[in-house]
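Undergrad: Sharing a structure here in structure tokens format.
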Amino acid sequence: MLPLTLALLLLSTAAFVLGRRRAFAVVEGETRLLHSQPGSYGQWVALWCALPSLAVVVAWWLLEPALIEWQTFAGAPAEVVELPPERRELFARDALALSAGEVTSSEPGPALRAAAGRIQRVEGLGQLSVGGLAAAVALMGLGWARGRIRPQLRARNHVEAVARTALAASSLVAILATVGIVLSLVFEAARFFALVPLGDFLFGLEWSPQTAIRADQVGSSGAFGAAPVFAGTLLITALAMAVAVPVGLLAAIFLSDYATPLTRAWVKPLLEILAGIPTVVYGFFAALSVGPLVRQLGERLGWEVSSESALAAGLVMGVMIIPFVSSLSDDVINAVPRSLREGSLGLGATKSETIRRVVLPAALPGIVGAVLLAISRAIGETMIVVMAAGLAANLSANPFEAVTTVTVQIVTLLVGDQEFDSAKTLAAFALGLALFLVTLGLNVVALVVVRRYREQYD
Amino acid sequence: MTTISRPAERSQLYLTKITTRDLNVWYGEKQALFSVNLDIERNRVTSLIGPSGCGKSTYLRCLNRMNDVIEGCRVEGKIALDGDDVHGEDVDPVQLRARVGMVFQKPNPFPKSVWENVAYGPRIHGLATGRAELDEIVTTSLERAGLFAEVKDRLDDPGTGLSGGQQQRLCIARAIAVQPDVILMDEPCSALDPIATARIEELMEELRARYTIVIVTHSMQQAARVSQRTAFFHLGAVVEEGETGKLFTDPREERTRDYITGRFG
């Protein structure tokens with residue numbers, strides 16, 4: 001594969017040079033007679049050289065497995081061809097492994113050796129002929145395109161069309177990935193809801209997904225009422241926002257309106273470093289430092305505090321989210337036009353009056369958008385809560401108790417060996433779908449709010 | 001004792017509202033004004049003209065200390081309002097700005113209702129005790145700005161929804177509502193069409209009965225139309241200052257003549 005890529009690269013570079021030179025030659029150096037810049041003709045020829053031969057390689061890629069499958073059984077003894085499907089598959093795999101010199105599932109017999117030999121022939125043929133074919137196509141493309149260079153040829157437009165297609169394809173990849181993720185969530189969640197009714201999942205008050213292996217064990221039924229899990233997520237998110245929104249907003253106001261440029265140049269990056277700390281580090285900070293601290297504090301005040309408390313996880317998560325709130329809010333507060341501030345100051349308003357009565361109201365939609373984005377970030381946050389919030393699905397609003405969140409449950413359900421026909425495993429996908437829908441909704445609302453705010457001043 | 005108060009009997013003592021002596025301004029390392037001496041007369045419109053970057057806006061912004069807001073700006077020299085130094089130790093720029101209102105180049109109504117825009121200043125200065133009194137201030141200010149008839153049914157609509165000329169008159173009403181003595185206008189018509197401009201120019205003539213007006217303008221025709229006195233700035237200094245009619249027809253300085261006849265700028 002590598003030599004082929006290198007050869008193609010070399011060929012298309014040559015094609016560029018040749019095409020460019022040809023463009024000069026066609027007009028005898030009078031480049032203003034050309035429709036496009038000479039370089040565009042070079043690019044056009046290079047594209048004609050590279051793209052068709054790439055297409056040949058890709059086509060072989062898609063075709064090869066089918067060819068190998070066909071060759072594995074073509075001419076194989078009847079007892080191999082008539083094997084039951086799963087044995088047939090095993091034979092095919094062993095043949096492929098043997099042809100690559102890897103370990104097979106059993107001692108290879110003569111039928112297997114013969115099949116492996118045929119596979120090796122296909123692959124050898126493929127490498128040679130496809131390499132040759134690709135090179136030939138590349139050369140043909142080069143020659144044909146070079147011969148077609150005329151002053152009237154709109155090389156730039158053709159090249160730009162290709163570039164546009166490539167750009168569109170790149171964005172399509174991201175969209176398709178999203179669609180794929182959503183589809184996998186939806187299908188697995190559908191299998192879960194075939195086992196557990198939707199109403200029980202959404203409104204059930206007991207979460208105990210550990211189904212027993214044998215029917216006579218304790219807890220063989222399992223309970224999939226997700227309300228305590230949602231409640232835990234809500235509680236921790238609320239605690240985190242109670243920390244992040246005031247601190248982040250005040251920091252943003254300080255940065256945008258009070259800090260000198262020098263302070264701002266130092267403080268803003270420092271604050272944004274918070275966003276760069278891996279969440280797992282926050283997690284053990286929460287579990288090992290803040291959790292015990294909260295417990296000691298609570299005990300001194302005479303309160304019952306579990307060592308894994310919602311409060312510890314919420315506080316640390318809040319700290320983690322501060323830079324989101326402050327950075328986004330700082331941007332929208334800065335986007336409030338200077339003229340509005342001057343208008344207010346010019347009327348004899350103080351700085352704080354100007355900020356409270358003009359700047360913040362004007363920036364409010366953007367700030368709301370920032371907070372919504374921060375909330376969706378808090379809801380989806382996993383590591384901190386896994387390490388600091390606990391696993392017990394308590395339906396409680398008491399921040400000193402251990403609670404569990406949607407993300408924690410997904411992690412615990414999917415860690416270790418899983419059987420994909422049990423409700424326990426599939427529950428993770430239902431939780432994931434719920435999480436996805438909530439954060440999607442929040443993000444959409446946040447984006448709409450932020451966009452409406454932008455329009456106000458553009 | 002704060003020097004910037006409103007002694008009504010005392011303010012009548014001076015024909016000159018603002019005196020400027022030996023004013024120098026720096027933005028960082030760059031000096032923007034060089035030893036400016038200028039008197040602004042009471043109940044007159046004074047135009048500041050000159051090519052871009054000549055310091056006329058900088059001077060205007062010194063009069064209500066708006067330059068304090070700008071990072072790295074340094075002001076030396078004396079500006080006296082009714083004889084009292086605006087840079088005095090005990091002068092709060094916030095109170096000064098209530099007495100010296102400002103209208104900006106681009107209309108900048110707050111993203112609030114028309115009513116809220118005008119009520120903003122009186123509210124923060126506590127000029128009204130109740131909603132009724134505030135309503136009256138809003139109405140009077142809008143009337144004086146010549147806007148009331150056009151917006152009386154739209155007081156609760158956003159101020160940003162008005163036309164450009166209406167927005168600028170809203171900003172004038174907003175400044176008037178604080179009951180200033182002086183109104184500074186920084187190229188108030190440069191973002192407006194000719195009809196809206198004419199409306200603002202008429203307004204200035206009406207307003208000067210109550211207020212002292214200083215206007216920065218790029219249009220010499222506008223300066224000639226609206227002002228009684230004109231000062232010509234060039235390269236950060238006042239080249240010539242005097243009666244508008246005299247300055248435009250028979251300037252003392254060569255540079256002024258060159259500028260008003262369009263030879264530079």
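So you can find residues: chains in the structure tokens are A, B, ... in the order shown, residues in each start at 1, and ligands are numbered from 1 in order.
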Determine, for each residue of chain A having at least one atom at most 7 Å from an atom of chain B, the closest pair of atoms and their separation in Å to one decimal, counting only C-alpha atoms; order by chain and ascending number, as CSV.

TA:
```
residue,atom,partner,partner_atom,distance
A:Ser339,CA,B:Asn108,CA,6.1
A:Leu340,CA,B:Asn108,CA,5.8
A:Gly343,CA,B:Asn108,CA,6.6
A:Gly346,CA,B:Met102,CA,5.6
A:Leu347,CA,B:Ala98,CA,5.5
A:Gly348,CA,B:Ala98,CA,4.5
A:Ala349,CA,B:Val94,CA,6.2
A:Thr350,CA,B:Val94,CA,6.1
A:Val358,CA,B:Phe110,CA,6.8
A:Ala362,CA,B:Pro111,CA,6.4
```

Undergrad: Could you write out, as a ChimeraX atom specification, all the residues of range 95-324 of chain A that DSSP marks as strand (DSSP E)?

TA: /A:207-208,223-224

Undergrad: List every residue of range 214-245 of chain B that DSSP, applied to the backbone, labels as alpha helix (DSSP H), and write the result as a list in words.

TA: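 Those in range 214-245 of chain B that DSSP calls alpha helix (DSSP H) are Met220, Gln221, Gln222, Ala223, Ala224, Arg225, Val226, Thr244 and Gly245 of chain B.
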
Undergrad: Tell me which protein, DNA and RNA residues are within 12 Å of Val226 in chain B, counting only C-alpha atoms, leaving out same-chain ones fewer than 5 positions away, and put them as a list in words.

TA: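 In the requested form, the answer reads Arg44, Val45, Thr46, Ser47, Leu48, Thr197, Ala198, Arg199, Ile200, Glu201, Glu202, Leu203, Met204, Glu205, Glu206, Leu207, Arg208, Ile213, Val214, Ile215, Val216, Thr217, Ser219, Met220, Gln221, Thr244 and Gly245 of chain B.
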
Undergrad: Please produce a file of the residues just selected, as a PDB file, in the first residue's frame, where the atoms kept are C-alpha atoms.

TA:
```pdb
ATOM      1  CA  ARG B  44     -24.372  79.011  21.969  1.00  0.00           C
ATOM      2  CA  VAL B  45     -23.557  76.225  19.559  1.00  0.00           C
ATOM      3  CA  THR B  46     -19.806  75.875  19.163  1.00  0.00           C
ATOM      4  CA  SER B  47     -18.493  73.814  16.247  1.00  0.00           C
ATOM      5  CA  LEU B  48     -15.181  72.021  16.317  1.00  0.00           C
ATOM      6  CA  THR B 197     -29.723  65.581   9.632  1.00  0.00           C
ATOM      7  CA  ALA B 198     -31.866  68.651   8.961  1.00  0.00           C
ATOM      8  CA  ARG B 199     -34.202  67.605  11.774  1.00  0.00           C
ATOM      9  CA  ILE B 200     -31.277  67.356  14.245  1.00  0.00           C
ATOM     10  CA  GLU B 201     -29.884  70.695  13.093  1.00  0.00           C
ATOM     11  CA  GLU B 202     -33.247  72.409  13.732  1.00  0.00           C
ATOM     12  CA  LEU B 203     -33.295  70.762  17.114  1.00  0.00           C
ATOM     13  CA  MET B 204     -29.895  72.189  18.027  1.00  0.00           C
ATOM     14  CA  GLU B 205     -31.179  75.675  17.380  1.00  0.00           C
ATOM     15  CA  GLU B 206     -34.127  75.038  19.710  1.00  0.00           C
ATOM     16  CA  LEU B 207     -31.977  73.416  22.362  1.00  0.00           C
ATOM     17  CA  ARG B 208     -29.415  76.166  22.676  1.00  0.00           C
ATOM     18  CA  ILE B 213     -23.885  72.873  22.853  1.00  0.00           C
ATOM     19  CA  VAL B 214     -20.502  71.761  21.523  1.00  0.00           C
ATOM     20  CA  ILE B 215     -20.543  69.823  18.287  1.00  0.00           C
ATOM     21  CA  VAL B 216     -17.777  68.056  16.419  1.00  0.00           C
ATOM     22  CA  THR B 217     -18.511  67.930  12.720  1.00  0.00           C
ATOM     23  CA  SER B 219     -19.183  69.047   7.452  1.00  0.00           C
ATOM     24  CA  MET B 220     -18.198  72.690   7.177  1.00  0.00           C
ATOM     25  CA  GLN B 221     -21.649  73.495   5.778  1.00  0.00           C
ATOM     26  CA  THR B 244     -18.618  81.256  12.729  1.00  0.00           C
ATOM     27  CA  GLY B 245     -19.500  83.797  10.039  1.00  0.00           C
TER      28      GLY B 245
END
```

Undergrad: Have a look at CA of Gly298 in chain A and CA of Leu205 in chain A and let me know their distance in Å, one decimal.

TA: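 If I compute the distance from CA of Gly298 in chain A to CA of Leu205 in chain A, I get 27.9 Å.
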
Undergrad: So that I can check the surroundings of range 427-443 of chain A, please list as a PyMOL selection string every protein, DNA and RNA residue that reaches within 9 Å of it, counting only C-alpha atoms and ignoring chain neighbours fewer than 5 positions away.

TA: chain A and resi 182+184-190+192-193+196+201+209+224+226+369+372-373+375-377+379-380+406-407+409-414+422+448

Undergrad: Those residues you just picked out, can you put them in a file as a short mmCIF file (atom, residue, chain, number, x, y, z; two decimals), in the first residue's frame with N, CA, C and O atoms?

TA:
```
data_model
loop_
_atom_site.label_atom_id
_atom_site.label_comp_id
_atom_site.auth_asym_id
_atom_site.auth_seq_id
_atom_site.Cartn_x
_atom_site.Cartn_y
_atom_site.Cartn_z
N VAL A 182 -26.29 7.86 16.83
CA VAL A 182 -27.69 7.94 17.24
C VAL A 182 -28.41 6.63 16.90
O VAL A 182 -29.14 6.07 17.72
N SER A 184 -27.18 3.60 16.55
CA SER A 184 -26.81 2.48 17.40
C SER A 184 -27.48 2.61 18.76
O SER A 184 -27.96 1.63 19.33
N LEU A 185 -27.54 3.84 19.27
CA LEU A 185 -28.23 4.07 20.54
C LEU A 185 -29.69 3.67 20.44
O LEU A 185 -30.23 2.97 21.29
N VAL A 186 -30.32 4.14 19.35
CA VAL A 186 -31.76 3.92 19.22
C VAL A 186 -32.08 2.43 19.13
O VAL A 186 -32.98 1.93 19.81
N PHE A 187 -31.29 1.69 18.33
CA PHE A 187 -31.61 0.27 18.15
C PHE A 187 -31.40 -0.52 19.44
O PHE A 187 -32.23 -1.36 19.81
N GLU A 188 -30.30 -0.26 20.13
CA GLU A 188 -30.06 -1.00 21.37
C GLU A 188 -31.09 -0.62 22.42
O GLU A 188 -31.56 -1.48 23.18
N ALA A 189 -31.43 0.68 22.45
CA ALA A 189 -32.43 1.12 23.43
C ALA A 189 -33.77 0.47 23.12
O ALA A 189 -34.52 0.10 24.03
N ALA A 190 -34.08 0.31 21.84
CA ALA A 190 -35.35 -0.32 21.46
C ALA A 190 -35.40 -1.75 21.98
O ALA A 190 -36.44 -2.21 22.48
N PHE A 192 -33.94 -2.77 24.64
CA PHE A 192 -34.17 -2.66 26.08
C PHE A 192 -35.65 -2.43 26.38
O PHE A 192 -36.23 -3.07 27.24
N PHE A 193 -36.25 -1.54 25.58
CA PHE A 193 -37.65 -1.21 25.88
C PHE A 193 -38.58 -2.34 25.49
O PHE A 193 -39.75 -2.34 25.89
N VAL A 196 -38.27 -3.94 29.06
CA VAL A 196 -38.76 -3.12 30.17
C VAL A 196 -39.64 -2.01 29.59
O VAL A 196 -39.19 -1.29 28.70
N PHE A 201 -39.38 2.50 33.08
CA PHE A 201 -38.02 3.05 33.04
C PHE A 201 -38.01 4.52 33.46
O PHE A 201 -37.20 4.94 34.28
N PRO A 209 -30.12 -2.71 38.82
CA PRO A 209 -29.99 -3.44 37.54
C PRO A 209 -29.25 -4.75 37.64
O PRO A 209 -29.16 -5.46 36.65
N PHE A 224 -35.62 -1.49 36.98
CA PHE A 224 -35.05 -0.51 36.05
C PHE A 224 -35.81 0.81 36.08
O PHE A 224 -36.11 1.39 35.06
N ALA A 226 -35.59 4.46 36.44
CA ALA A 226 -34.42 5.34 36.34
C ALA A 226 -34.60 6.66 37.08
O ALA A 226 -33.70 7.49 37.07
N GLY A 369 -27.11 31.29 27.00
CA GLY A 369 -26.58 30.26 26.11
C GLY A 369 -25.36 29.59 26.71
O GLY A 369 -25.24 28.37 26.70
N LEU A 372 -26.40 27.25 29.49
CA LEU A 372 -27.02 26.02 28.99
C LEU A 372 -25.96 25.05 28.47
O LEU A 372 -26.03 23.85 28.72
N LEU A 373 -24.97 25.59 27.76
CA LEU A 373 -23.89 24.72 27.28
C LEU A 373 -23.15 24.10 28.46
O LEU A 373 -22.79 22.92 28.45
N ILE A 375 -24.41 23.48 31.38
CA ILE A 375 -25.26 22.45 31.99
C ILE A 375 -25.14 21.15 31.22
O ILE A 375 -24.98 20.07 31.80
N SER A 376 -25.17 21.25 29.90
CA SER A 376 -25.12 20.00 29.14
C SER A 376 -23.77 19.34 29.33
O SER A 376 -23.65 18.11 29.31
N ARG A 377 -22.76 20.15 29.53
CA ARG A 377 -21.44 19.59 29.84
C ARG A 377 -21.46 18.88 31.21
O ARG A 377 -20.91 17.79 31.38
N ILE A 379 -24.05 17.58 32.76
CA ILE A 379 -24.87 16.37 32.73
C ILE A 379 -24.08 15.20 32.15
O ILE A 379 -24.17 14.08 32.61
N GLY A 380 -23.28 15.50 31.13
CA GLY A 380 -22.56 14.43 30.47
C GLY A 380 -21.25 14.06 31.15
O GLY A 380 -20.62 13.07 30.80
N VAL A 406 -26.56 9.24 35.70
CA VAL A 406 -26.76 8.47 34.47
C VAL A 406 -25.42 7.97 33.95
O VAL A 406 -25.27 6.79 33.63
N THR A 407 -24.43 8.86 33.93
CA THR A 407 -23.14 8.46 33.35
C THR A 407 -22.47 7.38 34.20
O THR A 407 -21.91 6.44 33.67
N GLN A 409 -23.90 5.13 36.02
CA GLN A 409 -24.59 3.86 35.80
C GLN A 409 -24.21 3.24 34.46
O GLN A 409 -24.02 2.03 34.36
N ILE A 410 -24.06 4.08 33.44
CA ILE A 410 -23.65 3.54 32.14
C ILE A 410 -22.30 2.87 32.27
O ILE A 410 -22.08 1.77 31.79
N VAL A 411 -21.40 3.54 32.97
CA VAL A 411 -20.06 2.97 33.14
C VAL A 411 -20.13 1.64 33.89
O VAL A 411 -19.59 0.63 33.44
N THR A 412 -20.85 1.61 35.02
CA THR A 412 -20.87 0.37 35.80
C THR A 412 -21.58 -0.74 35.04
O THR A 412 -21.20 -1.91 35.15
N LEU A 413 -22.58 -0.40 34.25
CA LEU A 413 -23.30 -1.44 33.52
C LEU A 413 -22.44 -2.05 32.43
O LEU A 413 -22.59 -3.22 32.09
N LEU A 414 -21.54 -1.27 31.87
CA LEU A 414 -20.80 -1.77 30.71
C LEU A 414 -19.37 -2.18 31.02
O LEU A 414 -18.67 -2.65 30.14
N SER A 422 -29.25 -9.26 27.90
CA SER A 422 -29.89 -9.03 29.18
C SER A 422 -30.27 -7.56 29.32
O SER A 422 -29.60 -6.67 28.77
N VAL A 448 -29.64 28.36 19.58
CA VAL A 448 -30.66 29.29 19.07
C VAL A 448 -30.59 30.60 19.84
O VAL A 448 -30.60 31.69 19.25
#
```

Undergrad: Could you state the separation of CA of Arg452 in chain A and CA of Val118 in chain B in Å, given to one decimal place?

TA: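 Calculated distance between CA of Arg452 in chain A and CA of Val118 in chain B is 25.3 Å.
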
Undergrad: Just the residues within 10 Å of Arg42 in chain B, please, counting only C-alpha atoms, with nothing from its chain fewer than 4 positions along; format it as a list in words.

TA: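 Counting only C-alpha atoms, the residues come to Ser11, Gln12, Tyr14, Leu15, Thr16, Lys17, Ile18, Thr46, Asp82, Asp181, Val182, Arg208, Ala209, Arg210, Tyr211, Thr212 and Ile213 of chain B.
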
Undergrad: Keeping only N, CA, C and O atoms, write the selected residues to a file as an mmCIF file, in the first residue's frame.

TA:
```cif
data_model
loop_
_atom_site.group_PDB
_atom_site.id
_atom_site.type_symbol
_atom_site.label_atom_id
_atom_site.label_comp_id
_atom_site.auth_asym_id
_atom_site.auth_seq_id
_atom_site.Cartn_x
_atom_site.Cartn_y
_atom_site.Cartn_z
ATOM 1 N N SER B 11 -24.153 80.600 38.141
ATOM 2 C CA SER B 11 -23.873 80.262 36.760
ATOM 3 C C SER B 11 -24.200 81.426 35.825
ATOM 4 O O SER B 11 -23.739 81.441 34.700
ATOM 5 N N GLN B 12 -24.999 82.354 36.305
ATOM 6 C CA GLN B 12 -25.318 83.498 35.454
ATOM 7 C C GLN B 12 -24.171 84.515 35.397
ATOM 8 O O GLN B 12 -24.165 85.406 34.574
ATOM 9 N N TYR B 14 -21.187 84.116 34.528
ATOM 10 C CA TYR B 14 -20.207 83.955 33.462
ATOM 11 C C TYR B 14 -20.884 83.925 32.111
ATOM 12 O O TYR B 14 -21.871 83.228 31.908
ATOM 13 N N LEU B 15 -20.343 84.590 31.151
ATOM 14 C CA LEU B 15 -20.787 84.457 29.778
ATOM 15 C C LEU B 15 -20.119 83.222 29.195
ATOM 16 O O LEU B 15 -20.672 82.521 28.367
ATOM 17 N N THR B 16 -18.923 82.958 29.721
ATOM 18 C CA THR B 16 -18.188 81.786 29.277
ATOM 19 C C THR B 16 -18.586 80.604 30.141
ATOM 20 O O THR B 16 -18.515 80.660 31.363
ATOM 21 N N LYS B 17 -19.017 79.518 29.457
ATOM 22 C CA LYS B 17 -19.450 78.337 30.200
ATOM 23 C C LYS B 17 -18.247 77.463 30.557
ATOM 24 O O LYS B 17 -18.117 76.993 31.674
ATOM 25 N N ILE B 18 -17.400 77.256 29.553
ATOM 26 C CA ILE B 18 -16.240 76.388 29.766
ATOM 27 C C ILE B 18 -14.984 77.123 29.323
ATOM 28 O O ILE B 18 -14.958 77.697 28.234
ATOM 29 N N THR B 46 -21.188 75.733 19.587
ATOM 30 C CA THR B 46 -19.806 75.875 19.163
ATOM 31 C C THR B 46 -19.420 74.667 18.320
ATOM 32 O O THR B 46 -19.599 73.529 18.756
ATOM 33 N N ASP B 82 -18.092 76.579 34.509
ATOM 34 C CA ASP B 82 -18.581 77.638 35.403
ATOM 35 C C ASP B 82 -17.499 78.046 36.399
ATOM 36 O O ASP B 82 -17.786 78.291 37.576
ATOM 37 N N ASP B 181 -26.223 70.873 31.755
ATOM 38 C CA ASP B 181 -26.039 72.263 31.335
ATOM 39 C C ASP B 181 -25.484 72.301 29.922
ATOM 40 O O ASP B 181 -25.769 73.199 29.150
ATOM 41 N N VAL B 182 -24.640 71.314 29.635
ATOM 42 C CA VAL B 182 -23.908 71.296 28.380
ATOM 43 C C VAL B 182 -24.235 69.992 27.665
ATOM 44 O O VAL B 182 -24.365 68.947 28.306
ATOM 45 N N ARG B 208 -30.445 75.296 22.130
ATOM 46 C CA ARG B 208 -29.415 76.166 22.676
ATOM 47 C C ARG B 208 -29.992 77.244 23.586
ATOM 48 O O ARG B 208 -29.259 77.878 24.332
ATOM 49 N N ALA B 209 -31.329 77.413 23.549
ATOM 50 C CA ALA B 209 -31.952 78.328 24.498
ATOM 51 C C ALA B 209 -31.714 77.852 25.929
ATOM 52 O O ALA B 209 -31.560 78.646 26.848
ATOM 53 N N ARG B 210 -31.681 76.531 26.114
ATOM 54 C CA ARG B 210 -31.545 75.992 27.462
ATOM 55 C C ARG B 210 -30.145 75.460 27.750
ATOM 56 O O ARG B 210 -29.738 75.402 28.896
ATOM 57 N N TYR B 211 -29.483 75.002 26.700
ATOM 58 C CA TYR B 211 -28.222 74.303 26.938
ATOM 59 C C TYR B 211 -27.100 74.946 26.145
ATOM 60 O O TYR B 211 -27.337 75.630 25.150
ATOM 61 N N THR B 212 -25.885 74.695 26.605
ATOM 62 C CA THR B 212 -24.705 75.056 25.830
ATOM 63 C C THR B 212 -24.327 73.828 25.008
ATOM 64 O O THR B 212 -24.263 72.726 25.545
ATOM 65 N N ILE B 213 -24.114 74.029 23.714
ATOM 66 C CA ILE B 213 -23.885 72.873 22.853
ATOM 67 C C ILE B 213 -22.516 72.964 22.200
ATOM 68 O O ILE B 213 -22.120 74.015 21.687
#
```

Undergrad: So that I can check the surroundings of Glu401 in chain A, please list as an MDAnalysis selection string every protein, DNA and RNA residue that reaches within 7 Å of it, counting only C-alpha atoms and ignoring chain neighbours fewer than 6 positions away.

TA: chainID A and resid 305:306 309:310

Undergrad: Excluding Ser163 in chain B and residues on its chain fewer than 2 positions from it, collect all residues at most 12 Å away from it, counting only C-alpha atoms, and give them as a list of chain:residue names.

TA: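 Skipping anything fewer than 2 positions along the chain leaves B:Pro107, B:Asn108, B:Pro109, B:Leu147, B:Glu150, B:Val151, B:Pro158, B:Gly159, B:Thr160, B:Gly161, B:Gly165, B:Gln166, B:Gln167, B:Gln168, B:Arg169, B:Leu170, B:Ala191, B:Leu192, B:Asp193, B:Ile195, B:Ala196.
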
Undergrad: Would you export the selected residues with N, CA and C atoms as a compact mmCIF listing (two decimals), in the first residue's frame, please?

TA:
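New file selection.txt:
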```txt
# COMPACT_ATOMS: atom_id res chain seq x y z
N PRO B 107 -25.80 56.43 16.58
CA PRO B 107 -26.86 56.35 17.60
C PRO B 107 -26.67 55.08 18.42
N ASN B 108 -26.70 55.20 19.75
CA ASN B 108 -26.45 54.02 20.59
C ASN B 108 -27.53 53.84 21.63
N PRO B 109 -28.80 53.73 21.20
CA PRO B 109 -29.84 53.47 22.21
C PRO B 109 -29.57 52.14 22.90
N LEU B 147 -39.21 64.31 19.47
CA LEU B 147 -39.46 62.92 19.10
C LEU B 147 -40.80 62.44 19.61
N GLU B 150 -43.73 61.37 17.40
CA GLU B 150 -43.50 60.19 16.56
C GLU B 150 -43.54 58.89 17.35
N VAL B 151 -43.20 58.93 18.64
CA VAL B 151 -43.09 57.67 19.38
C VAL B 151 -44.09 57.54 20.51
N PRO B 158 -38.93 48.53 21.56
CA PRO B 158 -37.48 48.71 21.74
C PRO B 158 -36.95 49.94 21.02
N GLY B 159 -36.05 50.66 21.69
CA GLY B 159 -35.48 51.86 21.10
C GLY B 159 -34.64 51.54 19.87
N THR B 160 -34.14 50.31 19.82
CA THR B 160 -33.30 49.93 18.68
C THR B 160 -34.13 49.73 17.42
N GLY B 161 -35.46 49.69 17.57
CA GLY B 161 -36.32 49.49 16.41
C GLY B 161 -36.66 50.78 15.68
N GLY B 165 -32.39 58.31 12.42
CA GLY B 165 -32.57 59.69 12.88
C GLY B 165 -33.35 59.73 14.18
N GLN B 166 -34.38 58.86 14.27
CA GLN B 166 -35.16 58.81 15.51
C GLN B 166 -34.30 58.30 16.67
N GLN B 167 -33.45 57.32 16.37
CA GLN B 167 -32.56 56.80 17.41
C GLN B 167 -31.66 57.90 17.95
N GLN B 168 -31.13 58.72 17.03
CA GLN B 168 -30.23 59.78 17.46
C GLN B 168 -30.98 60.81 18.31
N ARG B 169 -32.24 61.12 17.90
CA ARG B 169 -33.02 62.05 18.73
C ARG B 169 -33.38 61.42 20.07
N LEU B 170 -33.55 60.07 20.06
CA LEU B 170 -33.78 59.38 21.33
C LEU B 170 -32.56 59.54 22.24
N ALA B 191 -24.00 59.51 10.68
CA ALA B 191 -24.60 58.23 10.29
C ALA B 191 -26.03 58.42 9.78
N LEU B 192 -26.43 59.66 9.52
CA LEU B 192 -27.84 59.93 9.21
C LEU B 192 -28.01 60.45 7.79
N ASP B 193 -29.24 60.28 7.25
CA ASP B 193 -29.53 60.79 5.92
C ASP B 193 -29.82 62.29 6.02
N ILE B 195 -32.37 64.23 5.50
CA ILE B 195 -33.60 64.72 6.15
C ILE B 195 -33.47 64.62 7.66
N ALA B 196 -32.97 63.45 8.13
CA ALA B 196 -32.77 63.29 9.57
C ALA B 196 -31.75 64.30 10.09
```
